[in-house]
$ cat coords38.txt   # compact mmCIF, C-alpha atoms
# COMPACT_ATOMS: atom_id res chain seq x y z
CA VAL T 1 138.51 72.57 99.89
CA SER T 2 136.16 75.47 99.08
CA HIS T 3 132.54 76.58 99.45
CA GLY T 4 130.26 79.05 97.73
CA PHE T 5 129.56 81.49 100.57
CA ASP T 6 130.96 84.99 101.11
CA VAL T 7 131.90 84.31 104.76
CA ASP T 8 134.50 82.01 106.24
CA LEU T 9 133.30 78.60 107.40
CA LYS T 10 135.21 76.87 110.16
CA ILE T 11 136.27 73.24 109.71
CA ASP T 12 135.20 70.94 112.52
CA THR T 13 136.50 67.60 111.28
CA ILE T 14 138.77 66.30 108.47
CA PHE T 15 137.95 62.75 107.35
CA VAL T 16 140.95 62.11 105.06
CA LYS T 17 144.74 62.30 105.13
CA VAL T 18 147.45 62.94 102.58
CA GLY T 19 147.92 60.02 100.20
CA GLN T 20 144.51 58.57 100.89
CA GLU T 21 142.53 57.36 97.90
CA VAL T 22 138.98 58.67 97.76
CA LYS T 23 135.97 57.88 95.65
CA LYS T 24 133.41 60.32 94.32
CA GLY T 25 131.01 61.13 97.16
CA ASP T 26 133.42 60.26 100.00
CA GLN T 27 133.30 62.68 102.93
CA LEU T 28 136.29 65.04 103.08
CA VAL T 29 135.56 67.61 105.79
CA GLN T 30 132.72 68.73 108.02
CA TYR T 31 132.00 72.43 108.53
CA SER T 32 130.97 74.15 111.76
CA ARG T 33 127.20 74.24 112.01
CA SER T 34 127.28 77.57 113.89
CA ASP T 35 128.94 79.31 110.92
CA ILE T 36 126.38 77.85 108.54
CA GLU T 37 123.53 78.93 110.82
CA LYS T 38 124.98 82.45 110.90
CA LYS T 39 125.13 82.49 107.12
CA ILE T 40 121.54 81.22 106.87
CA LYS T 41 120.39 84.10 109.07
CA GLU T 42 122.16 86.57 106.77
CA LEU T 43 120.74 84.92 103.67
CA LYS T 44 117.20 85.09 105.06
CA GLU T 45 117.67 88.81 105.68
CA ASN T 46 119.04 89.22 102.16
CA LEU T 47 116.06 87.37 100.72
CA GLU T 48 113.58 89.58 102.59
CA THR T 49 115.44 92.69 101.43
CA ALA T 50 115.37 91.46 97.84
CA LYS T 51 111.64 90.72 98.11
CA ARG T 52 110.95 94.22 99.43
CA THR T 53 113.01 95.74 96.62
CA LEU T 54 111.07 93.71 94.07
CA GLU T 55 107.75 94.78 95.58
CA ASP T 56 108.89 98.41 95.62
CA GLN T 57 109.83 98.17 91.93
CA LYS T 58 106.43 96.72 91.04
CA ASN T 59 104.60 99.34 93.09
CA ALA T 60 106.68 102.12 91.52
CA LYS T 61 105.71 100.92 88.06
CA LYS T 62 102.02 100.77 88.95
CA SER T 63 102.17 104.11 90.76
CA GLY T 64 103.90 105.80 87.82
CA ALA T 65 101.27 104.58 85.39
CA LEU T 66 98.42 105.58 87.69
CA GLN T 67 99.87 109.01 88.41
CA SER T 68 100.33 109.72 84.71
CA ALA T 69 96.78 108.62 83.93
CA LEU T 70 95.42 110.64 86.87
CA ALA T 71 97.31 113.79 85.86
CA ASN T 72 96.01 113.48 82.31
CA ALA T 73 92.44 112.91 83.49
CA GLN T 74 92.62 115.85 85.89
CA SER T 75 94.02 118.13 83.19
CA GLN T 76 91.29 117.15 80.76
CA GLN T 77 88.61 117.55 83.42
CA ALA T 78 89.90 121.00 84.40
CA ALA T 79 89.87 122.15 80.77
CA GLN T 80 86.39 120.69 80.30
CA ASN T 81 85.10 122.40 83.44
CA THR T 82 86.53 125.76 82.40
CA TYR T 83 85.03 125.44 78.95
CA GLU T 84 81.60 124.42 80.22
CA SER T 85 81.55 127.24 82.80
CA SER T 86 82.43 129.87 80.19
CA LYS T 87 79.96 128.35 77.78
CA ARG T 88 77.14 128.53 80.34
CA GLU T 89 77.91 132.18 81.05
CA LEU T 90 77.95 133.09 77.36
CA ASN T 91 74.75 131.18 76.65
CA ALA T 92 73.01 132.92 79.54
CA SER T 93 74.20 136.28 78.25
CA ILE T 94 73.10 135.45 74.70
CA GLN T 95 69.69 134.32 75.92
CA ALA T 96 69.24 137.55 77.87
CA LEU T 97 70.34 139.66 74.91
CA GLU T 98 68.01 137.78 72.55
CA GLN T 99 65.13 138.54 74.91
CA ASN T 100 66.26 142.17 75.08
CA VAL T 101 66.36 142.40 71.27
CA LYS T 102 62.87 140.94 71.07
CA GLU T 103 61.52 143.42 73.61
CA ARG T 104 63.18 146.40 71.89
CA GLN T 105 61.84 145.25 68.53
CA GLU T 106 58.35 145.11 70.03
CA THR T 107 58.80 148.55 71.57
CA LEU T 108 60.03 149.92 68.26
CA ALA T 109 57.10 148.36 66.39
CA SER T 110 54.67 149.87 68.89
CA LEU T 111 56.22 153.32 68.52
CA GLN T 112 56.12 153.01 64.75
CA GLN T 113 52.43 152.18 64.93
CA GLU T 114 51.80 155.23 67.09
CA LEU T 115 53.76 157.34 64.63
CA ASP T 116 51.64 156.11 61.76
CA GLU T 117 48.46 157.05 63.63
CA ALA T 118 49.87 160.44 64.59
CA GLU T 119 50.73 161.20 60.98
CA LYS T 120 47.09 160.66 60.07
CA THR T 121 45.93 163.21 62.62
CA GLY T 122 48.77 165.66 61.91
CA GLU T 123 49.74 166.15 65.57
CA GLU T 124 53.14 167.83 65.06
CA ASP T 125 54.20 167.83 68.70
CA ARG T 126 53.23 164.20 69.03
CA LEU T 127 55.03 163.34 65.79
CA ALA T 128 58.27 165.00 66.92
CA SER T 129 58.19 163.17 70.25
CA LEU T 130 57.52 159.79 68.62
CA ARG T 131 60.25 160.29 66.02
CA GLU T 132 62.71 161.06 68.80
CA GLN T 133 61.63 157.98 70.76
CA ILE T 134 61.89 155.81 67.65
CA SER T 135 65.38 157.11 66.92
CA GLN T 136 66.48 156.41 70.49
CA SER T 137 64.83 152.97 70.51
CA GLN T 138 66.45 152.08 67.19
CA GLY T 139 69.86 153.07 68.55
CA GLU T 140 69.34 150.93 71.64
CA LEU T 141 68.19 148.02 69.45
CA ASP T 142 71.25 148.32 67.22
CA ALA T 143 73.56 148.44 70.25
CA THR T 144 71.89 145.35 71.74
CA LYS T 145 72.19 143.48 68.44
CA LYS T 146 75.89 144.42 68.38
CA GLN T 147 76.31 143.00 71.87
CA LEU T 148 74.48 139.85 70.80
CA ASP T 149 76.74 139.44 67.76
CA ASP T 150 79.80 139.94 69.96
CA GLN T 151 78.63 137.27 72.42
CA ASN T 152 77.87 134.82 69.60
CA THR T 153 81.33 135.46 68.21
CA ALA T 154 82.83 134.92 71.67
CA LEU T 155 80.97 131.62 71.96
CA ALA T 156 82.22 130.48 68.57
CA ASN T 157 85.78 131.50 69.49
CA LEU T 158 85.48 129.70 72.82
CA LYS T 159 84.52 126.47 71.04
CA ALA T 160 87.31 126.88 68.48
CA ASP T 161 89.89 127.52 71.20
CA TYR T 162 88.66 124.54 73.21
CA ASP T 163 88.85 122.25 70.18
CA LYS T 164 92.34 123.56 69.39
CA GLN T 165 93.49 123.02 72.96
CA ALA T 166 91.93 119.55 73.03
CA ALA T 167 93.85 118.65 69.86
CA GLN T 168 97.07 119.99 71.39
CA ASN T 169 96.40 118.03 74.57
CA ARG T 170 95.93 114.85 72.55
CA GLN T 171 99.24 115.47 70.81
CA ASN T 172 100.95 116.17 74.12
CA GLN T 173 99.40 113.03 75.59
CA GLY T 174 100.77 111.02 72.70
CA ILE T 175 104.25 112.32 73.49
CA GLN T 176 103.72 111.66 77.18
CA ASN T 177 102.60 108.12 76.38
CA GLN T 178 105.87 107.53 74.55
CA ILE T 179 107.82 108.88 77.52
CA ASP T 180 105.77 106.71 79.88
CA ALA T 181 106.45 103.69 77.68
CA LEU T 182 110.19 104.32 77.94
CA ASN T 183 109.91 104.74 81.71
CA GLN T 184 107.82 101.59 81.95
CA ALA T 185 110.46 99.70 79.97
CA GLY T 186 113.15 100.91 82.36
CA GLN T 187 111.02 99.97 85.33
CA SER T 188 110.37 96.55 83.79
CA ASN T 189 114.13 96.02 83.58
CA GLY T 190 114.38 97.07 87.21
CA ILE T 191 111.72 94.53 88.11
CA LYS T 192 113.56 91.81 86.17
CA ASN T 193 116.79 92.63 87.98
CA ALA T 194 115.02 92.66 91.34
CA GLN T 195 113.38 89.33 90.51
CA ALA T 196 116.80 87.89 89.64
CA GLU T 197 118.11 89.11 93.01
CA VAL T 198 115.24 87.36 94.77
CA GLU T 199 115.90 84.12 92.91
CA GLN T 200 119.62 84.33 93.65
CA ALA T 201 119.00 85.00 97.33
CA ARG T 202 116.49 82.14 97.50
CA ALA T 203 118.92 79.74 95.79
CA SER T 204 121.74 80.71 98.15
CA LEU T 205 119.47 80.20 101.13
CA GLN T 206 118.35 76.80 99.91
CA GLU T 207 121.99 75.78 99.38
CA ALA T 208 122.92 76.87 102.88
CA GLU T 209 119.93 75.10 104.42
CA ALA T 210 120.87 71.93 102.56
CA LEU T 211 124.45 72.21 103.83
CA LEU T 212 123.17 72.67 107.37
CA LYS T 213 121.33 69.35 107.17
CA ILE T 214 124.52 67.60 106.10
CA PRO T 215 127.43 70.03 106.75
CA VAL T 216 129.93 67.84 104.95
CA LEU T 217 132.04 68.45 101.85
CA THR T 218 132.34 65.37 99.63
CA ALA T 219 134.71 64.44 96.83
CA LYS T 220 133.48 65.45 93.40
CA THR T 221 135.58 62.82 91.60
CA ASP T 222 137.72 59.78 92.32
CA GLY T 223 141.33 60.63 93.23
CA ILE T 224 144.09 60.77 95.81
CA VAL T 225 144.49 63.39 98.52
CA THR T 226 147.77 65.15 97.76
CA GLU T 227 147.62 67.97 100.29
CA LEU T 228 145.71 69.19 103.36
CA SER T 229 145.58 72.98 103.22
CA TYR T 230 143.46 73.33 106.35
CA LEU T 231 143.28 71.77 109.80
CA PRO T 232 140.35 71.40 112.21
CA GLY T 233 139.49 74.85 113.58
CA ASP T 234 140.75 76.67 110.49
CA GLU T 235 138.39 78.96 108.59
CA VAL T 236 137.91 78.32 104.88
CA PRO T 237 137.28 81.49 102.84
$ encode --input "coords38.txt" --output "structure tokens"
Amino acid sequence: VSHGFDVDLKIDTIFVKVGQEVKKGDQLVQYSRSDIEKKIKELKENLETAKRTLEDQKNAKKSGALQSALANAQSQQAAQNTYESSKRELNASIQALEQNVKERQETLASLQQELDEAEKTGEEDRLASLREQISQSQGELDATKKQLDDQNTALANLKADYDKQAAQNRQNQGIQNQIDALNQAGQSNGIKNAQAEVEQARASLQEAEALLKIPVLTAKTDGIVTELSYLPGDEVP
């Protein structure tokens, strides 16, 4: 006499005696319904625990994928925002410098025109003053052009660095995707195991509920009872 549960079940009634011939399906013993009901309660709790574990495993897999995607998106957005902000600042500076160059060129052209007119009249004092102004204006123009070149170079370097970083980020993301795939595979195995636990708990519960309806152990084959190992009131492990 045996059963498939991990708790002892108490025998209420024995329907056979030693030496009795039995046929397949004949009733042998009847178990205590209270023990079966206790086991059913435990199995229901086990099933709910297994279901929660399965749901946690599924949520963990989804959460991991979402967190990885979110972190990647946030990193890319942060890099994009930094690049665009620096780009706007450089473009504004370049635009201002270009306007400054234009104005200095106009000033220089105007001074040169005045110098040409002064040379015709031979006004030495006027000529000396204009030549000094032209020299100063030319120096300021050259300095502004140098600043403009530097800003254009900075803009080009900014774009090159951004493109380089973007390429590195894509490479890093490829590696991260491989890591995520491995993690997802492990989580998928965890989900499969949790699903198996749910199915096992459900099957055990169904078996116990079926036994509760008819708490009787029957003969699996035809034969003769050779021994009674238990008596009414005994617990069968």
$ residues_around --input "coords38.txt" --residues "Lys220 in chain T" --least-positions-apart "6" --cutoff "9 Å" --atoms "all atoms listed in the file" --output "JSON, numbers by chain"
{"T": [23, 24, 25, 26]}
$ closest_residue --input "coords38.txt" --among "T:Glu123, T:Asp142, T:Glu132, T:Asp56" --to "Gln187 in chain T" --atoms "all atoms listed in the file"
T:Asp56
$ atom_distance --input "coords38.txt" --atom1 "CA of Phe15 in chain T" --atom2 "CA of Leu28 in chain T"
5.1 Å
$ closest_residue --input "coords38.txt" --among "T:Asn46, T:Gln80, T:Gln20, T:Gln184" --to "Asn59 in chain T" --atoms "all atoms listed in the file"
T:Gln184
$ atom_distance --input "coords38.txt" --atom1 "CA of Glu117 in chain T" --atom2 "CA of Thr144 in chain T"
27.4 Å
$ axis_aligned_box --input "coords38.txt" --around "range 51-66 of chain T" --padding-each-side "4 Å" --output "AutoDock Vina command-line options"
--center_x 105.7 --center_y 98.3 --center_z 92.4 --size_x 22.6 --size_y 23.1 --size_z 22.0
$ atom_distance --input "coords38.txt" --atom1 "CA of Gln105 in chain T" --atom2 "CA of Lys120 in chain T"
22.9 Å
$ residues_around --input "coords38.txt" --residues "Ile40 in chain T" --least-positions-apart "6" --cutoff "12 Å" --atoms "all atoms listed in the file" --output "list in words"
Phe5, Asp6, Val7, Arg33, Ser34, Asn46, Leu47, Ala201, Arg202, Ala203, Ser204, Leu205, Gln206, Glu207, Ala208, Glu209, Ala210, Leu211, Leu212 and Lys213 of chain T
$ write_last_selection --input "coords38.txt" --atoms "C-alpha atoms" --output "tab-separated table (two decimals), in the frame of the given file"
chain	number	residue	atom	x	y	z
T	5	PHE	CA	129.56	81.49	100.57
T	6	ASP	CA	130.96	84.99	101.11
T	7	VAL	CA	131.90	84.31	104.76
T	33	ARG	CA	127.20	74.24	112.01
T	34	SER	CA	127.28	77.57	113.89
T	46	ASN	CA	119.04	89.22	102.16
T	47	LEU	CA	116.06	87.37	100.72
T	201	ALA	CA	119.00	85.00	97.33
T	202	ARG	CA	116.49	82.14	97.50
T	203	ALA	CA	118.92	79.74	95.79
T	204	SER	CA	121.74	80.71	98.15
T	205	LEU	CA	119.47	80.20	101.13
T	206	GLN	CA	118.35	76.80	99.91
T	207	GLU	CA	121.99	75.78	99.38
T	208	ALA	CA	122.92	76.87	102.88
T	209	GLU	CA	119.93	75.10	104.42
T	210	ALA	CA	120.87	71.93	102.56
T	211	LEU	CA	124.45	72.21	103.83
T	212	LEU	CA	123.17	72.67	107.37
T	213	LYS	CA	121.33	69.35	107.17
$ residues_around --input "coords38.txt" --residues "range 95-98 of chain T" --least-positions-apart "2" --cutoff "8 Å" --atoms "all atoms listed in the file" --output "list in words"
Asn91, Ala92, Ser93, Asn100, Val101, Lys102, Thr144, Lys145, Gln147 and Leu148 of chain T
$ residues_around --input "coords38.txt" --residues "Glu119 in chain T" --least-positions-apart "6" --cutoff "12 Å" --atoms "only C-alpha atoms" --output "PyMOL selection string"
chain T and resi 112-113+125-128+130-131
$ closest_residue --input "coords38.txt" --among "T:Ala167, T:Leu108, T:Val29, T:Leu54" --to "Asn189 in chain T" --atoms "only C-alpha atoms"
T:Leu54
$ closest_residue --input "coords38.txt" --among "T:Leu141, T:Val198, T:Ala166, T:Leu158" --to "Gln99 in chain T" --atoms "all atoms listed in the file"
T:Leu141
$ closest_residue --input "coords38.txt" --among "T:Thr53, T:Asn81, T:Asn152, T:Gln27" --to "Val216 in chain T" --atoms "all atoms listed in the file"
T:Gln27
$ closest_residue --input "coords38.txt" --among "T:Ala143, T:Glu197, T:Tyr162, T:Ala185" --to "Lys61 in chain T" --atoms "only C-alpha atoms"
T:Ala185
$ residues_around --input "coords38.txt" --residues "Glu227 in chain T" --least-positions-apart "4" --cutoff "9 Å" --atoms "all atoms listed in the file" --output "list in words"
Lys17, Val18 and Gly19 of chain T
$ decode --input "coords38.txt" --residues "range 33-66 of chain T" --atoms "N, CA, C and O atoms" --output "mmCIF file, in the first residue's frame"
data_model
loop_
_atom_site.group_PDB
_atom_site.id
_atom_site.type_symbol
_atom_site.label_atom_id
_atom_site.label_comp_id
_atom_site.auth_asym_id
_atom_site.auth_seq_id
_atom_site.Cartn_x
_atom_site.Cartn_y
_atom_site.Cartn_z
ATOM 1 N N ARG T 33 -10.109 11.197 4.862
ATOM 2 C CA ARG T 33 -10.395 12.375 4.038
ATOM 3 C C ARG T 33 -9.748 13.629 4.611
ATOM 4 O O ARG T 33 -9.327 14.528 3.870
ATOM 5 N N SER T 34 -9.620 13.703 5.943
ATOM 6 C CA SER T 34 -9.038 14.906 6.558
ATOM 7 C C SER T 34 -7.572 15.087 6.153
ATOM 8 O O SER T 34 -7.105 16.207 5.921
ATOM 9 N N ASP T 35 -6.840 13.967 6.050
ATOM 10 C CA ASP T 35 -5.435 14.052 5.624
ATOM 11 C C ASP T 35 -5.332 14.508 4.172
ATOM 12 O O ASP T 35 -4.436 15.276 3.813
ATOM 13 N N ILE T 36 -6.252 13.995 3.363
ATOM 14 C CA ILE T 36 -6.237 14.388 1.941
ATOM 15 C C ILE T 36 -6.589 15.864 1.802
ATOM 16 O O ILE T 36 -5.971 16.595 1.016
ATOM 17 N N GLU T 37 -7.566 16.318 2.584
ATOM 18 C CA GLU T 37 -7.955 17.735 2.538
ATOM 19 C C GLU T 37 -6.794 18.630 2.971
ATOM 20 O O GLU T 37 -6.576 19.713 2.417
ATOM 21 N N LYS T 38 -6.048 18.175 3.976
ATOM 22 C CA LYS T 38 -4.879 18.926 4.426
ATOM 23 C C LYS T 38 -3.852 19.014 3.297
ATOM 24 O O LYS T 38 -3.262 20.074 3.061
ATOM 25 N N LYS T 39 -3.645 17.899 2.631
ATOM 26 C CA LYS T 39 -2.679 17.890 1.532
ATOM 27 C C LYS T 39 -3.148 18.787 0.393
ATOM 28 O O LYS T 39 -2.343 19.489 -0.235
ATOM 29 N N ILE T 40 -4.440 18.784 0.110
ATOM 30 C CA ILE T 40 -4.979 19.640 -0.962
ATOM 31 C C ILE T 40 -4.721 21.112 -0.647
ATOM 32 O O ILE T 40 -4.343 21.896 -1.524
ATOM 33 N N LYS T 41 -4.899 21.480 0.625
ATOM 34 C CA LYS T 41 -4.638 22.868 1.019
ATOM 35 C C LYS T 41 -3.181 23.228 0.757
ATOM 36 O O LYS T 41 -2.862 24.304 0.229
ATOM 37 N N GLU T 42 -2.276 22.316 1.114
ATOM 38 C CA GLU T 42 -0.850 22.557 0.890
ATOM 39 C C GLU T 42 -0.537 22.658 -0.604
ATOM 40 O O GLU T 42 0.240 23.519 -1.039
ATOM 41 N N LEU T 43 -1.151 21.778 -1.374
ATOM 42 C CA LEU T 43 -0.895 21.767 -2.816
ATOM 43 C C LEU T 43 -1.418 23.030 -3.489
ATOM 44 O O LEU T 43 -0.805 23.533 -4.436
ATOM 45 N N LYS T 44 -2.535 23.546 -3.008
ATOM 46 C CA LYS T 44 -3.058 24.806 -3.553
ATOM 47 C C LYS T 44 -2.088 25.946 -3.270
ATOM 48 O O LYS T 44 -1.837 26.806 -4.132
ATOM 49 N N GLU T 45 -1.549 25.953 -2.058
ATOM 50 C CA GLU T 45 -0.560 26.983 -1.709
ATOM 51 C C GLU T 45 0.691 26.838 -2.567
ATOM 52 O O GLU T 45 1.258 27.837 -3.026
ATOM 53 N N ASN T 46 1.110 25.594 -2.780
ATOM 54 C CA ASN T 46 2.281 25.350 -3.632
ATOM 55 C C ASN T 46 2.036 25.822 -5.057
ATOM 56 O O ASN T 46 2.932 26.387 -5.708
ATOM 57 N N LEU T 47 0.829 25.586 -5.547
ATOM 58 C CA LEU T 47 0.495 25.991 -6.916
ATOM 59 C C LEU T 47 0.528 27.514 -7.038
ATOM 60 O O LEU T 47 1.073 28.056 -8.018
ATOM 61 N N GLU T 48 -0.041 28.203 -6.054
ATOM 62 C CA GLU T 48 -0.036 29.672 -6.102
ATOM 63 C C GLU T 48 1.387 30.220 -6.024
ATOM 64 O O GLU T 48 1.733 31.187 -6.708
ATOM 65 N N THR T 49 2.214 29.584 -5.194
ATOM 66 C CA THR T 49 3.620 30.006 -5.095
ATOM 67 C C THR T 49 4.341 29.796 -6.417
ATOM 68 O O THR T 49 5.098 30.656 -6.874
ATOM 69 N N ALA T 50 4.086 28.658 -7.051
ATOM 70 C CA ALA T 50 4.718 28.359 -8.340
ATOM 71 C C ALA T 50 4.259 29.343 -9.406
ATOM 72 O O ALA T 50 5.048 29.789 -10.249
ATOM 73 N N LYS T 51 2.975 29.711 -9.374
ATOM 74 C CA LYS T 51 2.451 30.682 -10.335
ATOM 75 C C LYS T 51 3.116 32.046 -10.149
ATOM 76 O O LYS T 51 3.463 32.724 -11.123
ATOM 77 N N ARG T 52 3.273 32.448 -8.881
ATOM 78 C CA ARG T 52 3.912 33.743 -8.617
ATOM 79 C C ARG T 52 5.371 33.734 -9.076
ATOM 80 O O ARG T 52 5.859 34.724 -9.629
ATOM 81 N N THR T 53 6.039 32.615 -8.843
ATOM 82 C CA THR T 53 7.434 32.497 -9.288
ATOM 83 C C THR T 53 7.522 32.582 -10.801
ATOM 84 O O THR T 53 8.404 33.259 -11.342
ATOM 85 N N LEU T 54 6.603 31.926 -11.486
ATOM 86 C CA LEU T 54 6.581 31.974 -12.944
ATOM 87 C C LEU T 54 6.345 33.399 -13.429
ATOM 88 O O LEU T 54 7.021 33.880 -14.352
ATOM 89 N N GLU T 55 5.390 34.085 -12.813
ATOM 90 C CA GLU T 55 5.086 35.460 -13.206
ATOM 91 C C GLU T 55 6.276 36.380 -12.939
ATOM 92 O O GLU T 55 6.592 37.260 -13.748
ATOM 93 N N ASP T 56 6.954 36.144 -11.807
ATOM 94 C CA ASP T 56 8.142 36.944 -11.484
ATOM 95 C C ASP T 56 9.236 36.729 -12.523
ATOM 96 O O ASP T 56 9.928 37.680 -12.912
ATOM 97 N N GLN T 57 9.405 35.486 -12.957
ATOM 98 C CA GLN T 57 10.424 35.171 -13.965
ATOM 99 C C GLN T 57 10.102 35.866 -15.282
ATOM 100 O O GLN T 57 10.990 36.430 -15.934
ATOM 101 N N LYS T 58 8.834 35.848 -15.669
ATOM 102 C CA LYS T 58 8.434 36.503 -16.919
ATOM 103 C C LYS T 58 8.631 38.012 -16.821
ATOM 104 O O LYS T 58 9.126 38.640 -17.759
ATOM 105 N N ASN T 59 8.232 38.582 -15.677
ATOM 106 C CA ASN T 59 8.378 40.021 -15.492
ATOM 107 C C ASN T 59 9.845 40.431 -15.469
ATOM 108 O O ASN T 59 10.205 41.500 -15.987
ATOM 109 N N ALA T 60 10.683 39.582 -14.850
ATOM 110 C CA ALA T 60 12.117 39.880 -14.793
ATOM 111 C C ALA T 60 12.717 39.899 -16.189
ATOM 112 O O ALA T 60 13.566 40.738 -16.514
ATOM 113 N N LYS T 61 12.274 38.982 -17.041
ATOM 114 C CA LYS T 61 12.782 38.945 -18.411
ATOM 115 C C LYS T 61 12.363 40.198 -19.172
ATOM 116 O O LYS T 61 13.178 40.831 -19.851
ATOM 117 N N LYS T 62 11.086 40.569 -19.040
ATOM 118 C CA LYS T 62 10.606 41.773 -19.723
ATOM 119 C C LYS T 62 11.306 43.017 -19.176
ATOM 120 O O LYS T 62 11.716 43.891 -19.925
ATOM 121 N N SER T 63 11.422 43.072 -17.841
ATOM 122 C CA SER T 63 12.038 44.236 -17.208
ATOM 123 C C SER T 63 13.487 44.390 -17.636
ATOM 124 O O SER T 63 13.950 45.498 -17.911
ATOM 125 N N GLY T 64 14.214 43.253 -17.698
ATOM 126 C CA GLY T 64 15.618 43.314 -18.106
ATOM 127 C C GLY T 64 15.776 43.853 -19.511
ATOM 128 O O GLY T 64 16.649 44.692 -19.775
ATOM 129 N N ALA T 65 14.918 43.380 -20.410
ATOM 130 C CA ALA T 65 14.983 43.842 -21.801
ATOM 131 C C ALA T 65 14.639 45.325 -21.903
ATOM 132 O O ALA T 65 15.298 46.084 -22.620
ATOM 133 N N LEU T 66 13.610 45.732 -21.157
ATOM 134 C CA LEU T 66 13.193 47.137 -21.201
ATOM 135 C C LEU T 66 14.244 48.052 -20.589
ATOM 136 O O LEU T 66 14.524 49.140 -21.113
#
